[in-house]
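S.K.: Okay, handing you the structure first.
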Amino acid sequence: MQYRRLGKSGLQVSVLSFGAWVTFGNQLDANAALELMAAAYEVGCNFFDNAEAYASGRAETIMGEALSRSGWRRDSYIVSSKVFFGSLEKPSRLQRGLSRKHIYEACYQAIQRLQCDYLDLYFCHRPDAKVPIEETVRAMTELIWRGDVLYWGTSEWSAQQLMEAYAVARQYNLIPPTMEQPEYNMFHRYRVEVEYSRLYNEDTLGLGTTVWSPLASGLLTGKYNEGIPADSRFNLPGYEWLKEKLTGSEAERNLERVKQLAQLADELNTSLPKLALAWCVKNSHVSTVITGASKVSQVQENFTALDVLPSLTDEVMARVDTILGNKETGVYGANT
């Protein structure tokens with residue numbers, strides 16, 4: 001395993017990490033979750049990602065039970081939560097958003113579900129236009145001062161919103177965000193590679209990134225090249241939105257690109273998923289790539305992706321860019 005600093009902080013995070021989104025609480029119980037997390041932990045993964053909204057809080061409950069059973073020292077891993085959407089299926093106005101009230105209550109509820117004394121990382125899951133940015137930055141800072149959170153960050157905030165948070169923090173002697181969790185994969189590049197490009201410099205934010213969806217919701221596994229398998233999560237109730245990624249003319253063009261990328265992976269004697277994960281890690285501005293899995297074999301496959309890095313020469317990366325055709329503009333991605 002390789003490790004990188006989370007932005008300009010001193011926190012060392014494994015470049016491949018493991019997240020609970022989609023599977024925990026919907027497909028997996030605590031026993032299965034522990035098997036997957038243990039498979040990742042044993043090869044050096046030290047970051048486990050979660051959020052209040054995942055499976056309406058059940059993902060955190062399951063991860064908490066798994067961590068409790070693991071016997072791992074608390075100082076050997078990093079655990080996160082995110083606040084914004086709420087943990088209830090139909091949250092009230094007080095039970096979602098980035099008000100000081102919800103940020104506080106969601107933090108302590110997450111700590112309880114995760115069965116830990118504090119959160120290493122706490123993300124604002126989306127920006128909240130209804131709440132003054134000073135209130136949000138101050139609430140996050142106060143949680144850090146209280147010792148309930150160690151680092152706070154954002155997810156899917158624009159560069160302008162991040163700079164506003166940074167400016168407020170500096171103006172009022174508060175703590176600015178340390179990290180951002182954006183979507184990043186071969187089809188979704190613009191935000192990480194272009195929009196945030198000035199924010200990685202330590203003279204500005206020194207921003208760290210914990211990127212999600214490196215396999216483009218499974219598209220970059222190649223398993224959808226011939227249609228949607230019957231046992232795919234795309235067929236589970238509540239995941240109709242995922243099917244949108246496989247419909248329309250752009251999805252058809254992306255599937256053609258996937259086939260070309262799979263051929264390149266064959267030439268490199270690797271698999272398409274490992275190529276896609278290694279491609280994300282290749283970007284030095286990526287602190288960690290959050291992986292997901294429903295089977296131990298998938299975890300084992302994903303965490304050997306670092307073996308592909310030596311093969312990603314400038315020539316190979318140029319071939320990938322030629323296949324994708326989106327290096328400059330990221331036009332093949334769309335915010336979710």
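Residue names in the structure tokens use chain letters A, B, ... in the order shown, residue numbers from 1 in each chain, and ligand numbers from 1 in the order shown.
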Could you go through range 154-189 of chain A and tell me which residues DSSP, when run on the backbone, assigns to helix (DSSP H, G or I), listing them as JSON, numbers by chain?

M.R.: {"A": [159, 160, 161, 162, 163, 164, 165, 166, 167, 168, 169, 170, 171]}

S.K.: Keeping N, CA and C atoms for every residue in the selection just given, could you write it to a file as a compact mmCIF listing (two decimals), in the first residue's frame?

M.R.:
# COMPACT_ATOMS: atom_id res chain seq x y z
N ALA A 159 -15.31 25.21 -6.70
CA ALA A 159 -14.09 25.89 -6.27
C ALA A 159 -14.42 27.23 -5.63
N GLN A 160 -15.41 27.93 -6.17
CA GLN A 160 -15.80 29.22 -5.60
C GLN A 160 -16.34 29.05 -4.18
N GLN A 161 -17.16 28.03 -3.96
CA GLN A 161 -17.71 27.79 -2.62
C GLN A 161 -16.60 27.42 -1.63
N LEU A 162 -15.63 26.64 -2.08
CA LEU A 162 -14.50 26.29 -1.22
C LEU A 162 -13.69 27.53 -0.85
N MET A 163 -13.47 28.41 -1.80
CA MET A 163 -12.71 29.63 -1.52
C MET A 163 -13.48 30.55 -0.58
N GLU A 164 -14.81 30.56 -0.69
CA GLU A 164 -15.61 31.36 0.23
C GLU A 164 -15.47 30.83 1.66
N ALA A 165 -15.50 29.50 1.80
CA ALA A 165 -15.33 28.90 3.12
C ALA A 165 -13.95 29.22 3.67
N TYR A 166 -12.95 29.16 2.83
CA TYR A 166 -11.57 29.45 3.24
C TYR A 166 -11.45 30.91 3.69
N ALA A 167 -12.05 31.81 2.91
CA ALA A 167 -11.96 33.24 3.24
C ALA A 167 -12.65 33.54 4.58
N VAL A 168 -13.83 32.92 4.80
CA VAL A 168 -14.54 33.12 6.06
C VAL A 168 -13.70 32.60 7.23
N ALA A 169 -13.10 31.43 7.04
CA ALA A 169 -12.28 30.85 8.10
C ALA A 169 -11.12 31.76 8.46
N ARG A 170 -10.46 32.32 7.47
CA ARG A 170 -9.33 33.19 7.73
C ARG A 170 -9.79 34.52 8.36
N GLN A 171 -10.94 35.01 7.94
CA GLN A 171 -11.44 36.29 8.45
C GLN A 171 -11.77 36.21 9.94

S.K.: Please, which residues in range 69-172 of chain A fall within 12 Å of range 22-33 of chain A when counting only C-alpha atoms, and what is the closest atom pair and distance in Å to one decimal for each, ordered by chain then residue number, as a Markdown table?

M.R.:
| residue | atom | partner | partner_atom | distance |
| --- | --- | --- | --- | --- |
| A:Arg69 | CA | A:Asn31 | CA | 9.1 |
| A:Ser70 | CA | A:Asn31 | CA | 10.2 |
| A:Leu114 | CA | A:Ala30 | CA | 11.8 |

S.K.: Create the file for the chosen residues now, containing C-alpha atoms and written as a PDB file, in the first residue's frame.

M.R.:
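The result, stored in part-v5.pdb:
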ATOM      1  CA  ARG A  69     -16.067  -6.679  16.276  1.00  0.00           C
ATOM      2  CA  SER A  70     -12.798  -6.138  14.407  1.00  0.00           C
ATOM      3  CA  LEU A 114     -20.237   4.164  14.228  1.00  0.00           C
TER       4      LEU A 114
END

S.K.: Which is closer to Leu255 in chain A than all the others in A:Cys280, A:Leu275, A:Ala318, A:Ile323, using only C-alpha atoms?

M.R.: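 Under the stated criterion, the closest residue is A:Ile323.
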
S.K.: For each of A:Met37, A:Ala53, A:Leu306, A:Ala251, take the minimum atom-to-atom distance to Tyr3 in chain A, counting only C-alpha atoms, then give the residue where this is smallest.

M.R.: A:Leu306

S.K.: Excluding range 198-207 of chain A and any residue of its chain fewer than 5 positions from it, enumerate the residues within 8 Å of it, using only C-alpha atoms, and give them as a list of chain:residue names.

M.R.: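 So the residues in contact are A:Leu6, A:Gly7, A:Lys8, A:Ala159, A:Met163, A:Tyr166, A:Pro176, A:Pro177, A:Thr178, A:Met179, A:Glu180, A:His285.
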
S.K.: Please, could you write that set of residues out with C-alpha atoms as a short mmCIF file (atom, residue, chain, number, x, y, z; two decimals), in the first residue's frame?

M.R.:
data_model
loop_
_atom_site.label_atom_id
_atom_site.label_comp_id
_atom_site.auth_asym_id
_atom_site.auth_seq_id
_atom_site.Cartn_x
_atom_site.Cartn_y
_atom_site.Cartn_z
CA LEU A 6 -4.49 14.47 3.05
CA GLY A 7 -3.80 17.77 1.37
CA LYS A 8 -1.45 19.92 3.41
CA ALA A 159 -14.09 25.89 -6.27
CA MET A 163 -12.71 29.63 -1.52
CA TYR A 166 -11.57 29.45 3.24
CA PRO A 176 -10.87 25.99 6.78
CA PRO A 177 -11.81 22.74 5.04
CA THR A 178 -8.97 20.23 4.69
CA MET A 179 -10.43 17.96 2.02
CA GLU A 180 -13.07 17.65 -0.67
CA HIS A 285 -3.67 15.56 -6.41
#

S.K.: Just the residues within 8 Å of Arg96 in chain A, please, counting only C-alpha atoms, with nothing from its chain fewer than 5 positions along; format it as a PDB file with N, CA and C atoms, in the first residue's frame.

M.R.:
ATOM      1  N   VAL A  83     -22.562  15.101   6.404  1.00  0.00           N
ATOM      2  CA  VAL A  83     -23.797  15.711   6.868  1.00  0.00           C
ATOM      3  C   VAL A  83     -24.415  16.561   5.764  1.00  0.00           C
ATOM      4  N   PHE A  84     -25.689  16.440   5.572  1.00  0.00           N
ATOM      5  CA  PHE A  84     -26.486  17.313   4.713  1.00  0.00           C
ATOM      6  C   PHE A  84     -27.874  16.719   4.469  1.00  0.00           C
ATOM      7  N   PHE A  85     -27.923  15.492   3.930  1.00  0.00           N
ATOM      8  CA  PHE A  85     -29.188  14.921   3.477  1.00  0.00           C
ATOM      9  C   PHE A  85     -30.063  14.398   4.618  1.00  0.00           C
ATOM     10  N   GLY A  86     -29.482  14.188   5.789  1.00  0.00           N
ATOM     11  CA  GLY A  86     -30.218  13.610   6.896  1.00  0.00           C
ATOM     12  C   GLY A  86     -30.158  12.095   6.883  1.00  0.00           C
ATOM     13  N   PRO A  91     -36.685  13.390   6.073  1.00  0.00           N
ATOM     14  CA  PRO A  91     -36.257  14.313   7.141  1.00  0.00           C
ATOM     15  C   PRO A  91     -37.041  15.624   7.104  1.00  0.00           C
ATOM     16  N   HIS A 102     -28.253  21.040  12.858  1.00  0.00           N
ATOM     17  CA  HIS A 102     -28.178  19.720  12.236  1.00  0.00           C
ATOM     18  C   HIS A 102     -26.745  19.191  12.194  1.00  0.00           C
TER      19      HIS A 102
END

S.K.: Take CA of Leu94 in chain A and CA of Pro182 in chain A and report the distance between them in Å, one decimal.

M.R.: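 One can read the CA of Leu94 in chain A to CA of Pro182 in chain A distance as 25.8 Å.
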
S.K.: From the DSSP assignment of the backbone, select every residue of range 100-251 of chain A that is strand (DSSP E or B), and format the answer as a PyMOL selection string.

M.R.: chain A and resi 119-124+149-154+179-180+183+185+188+208-212
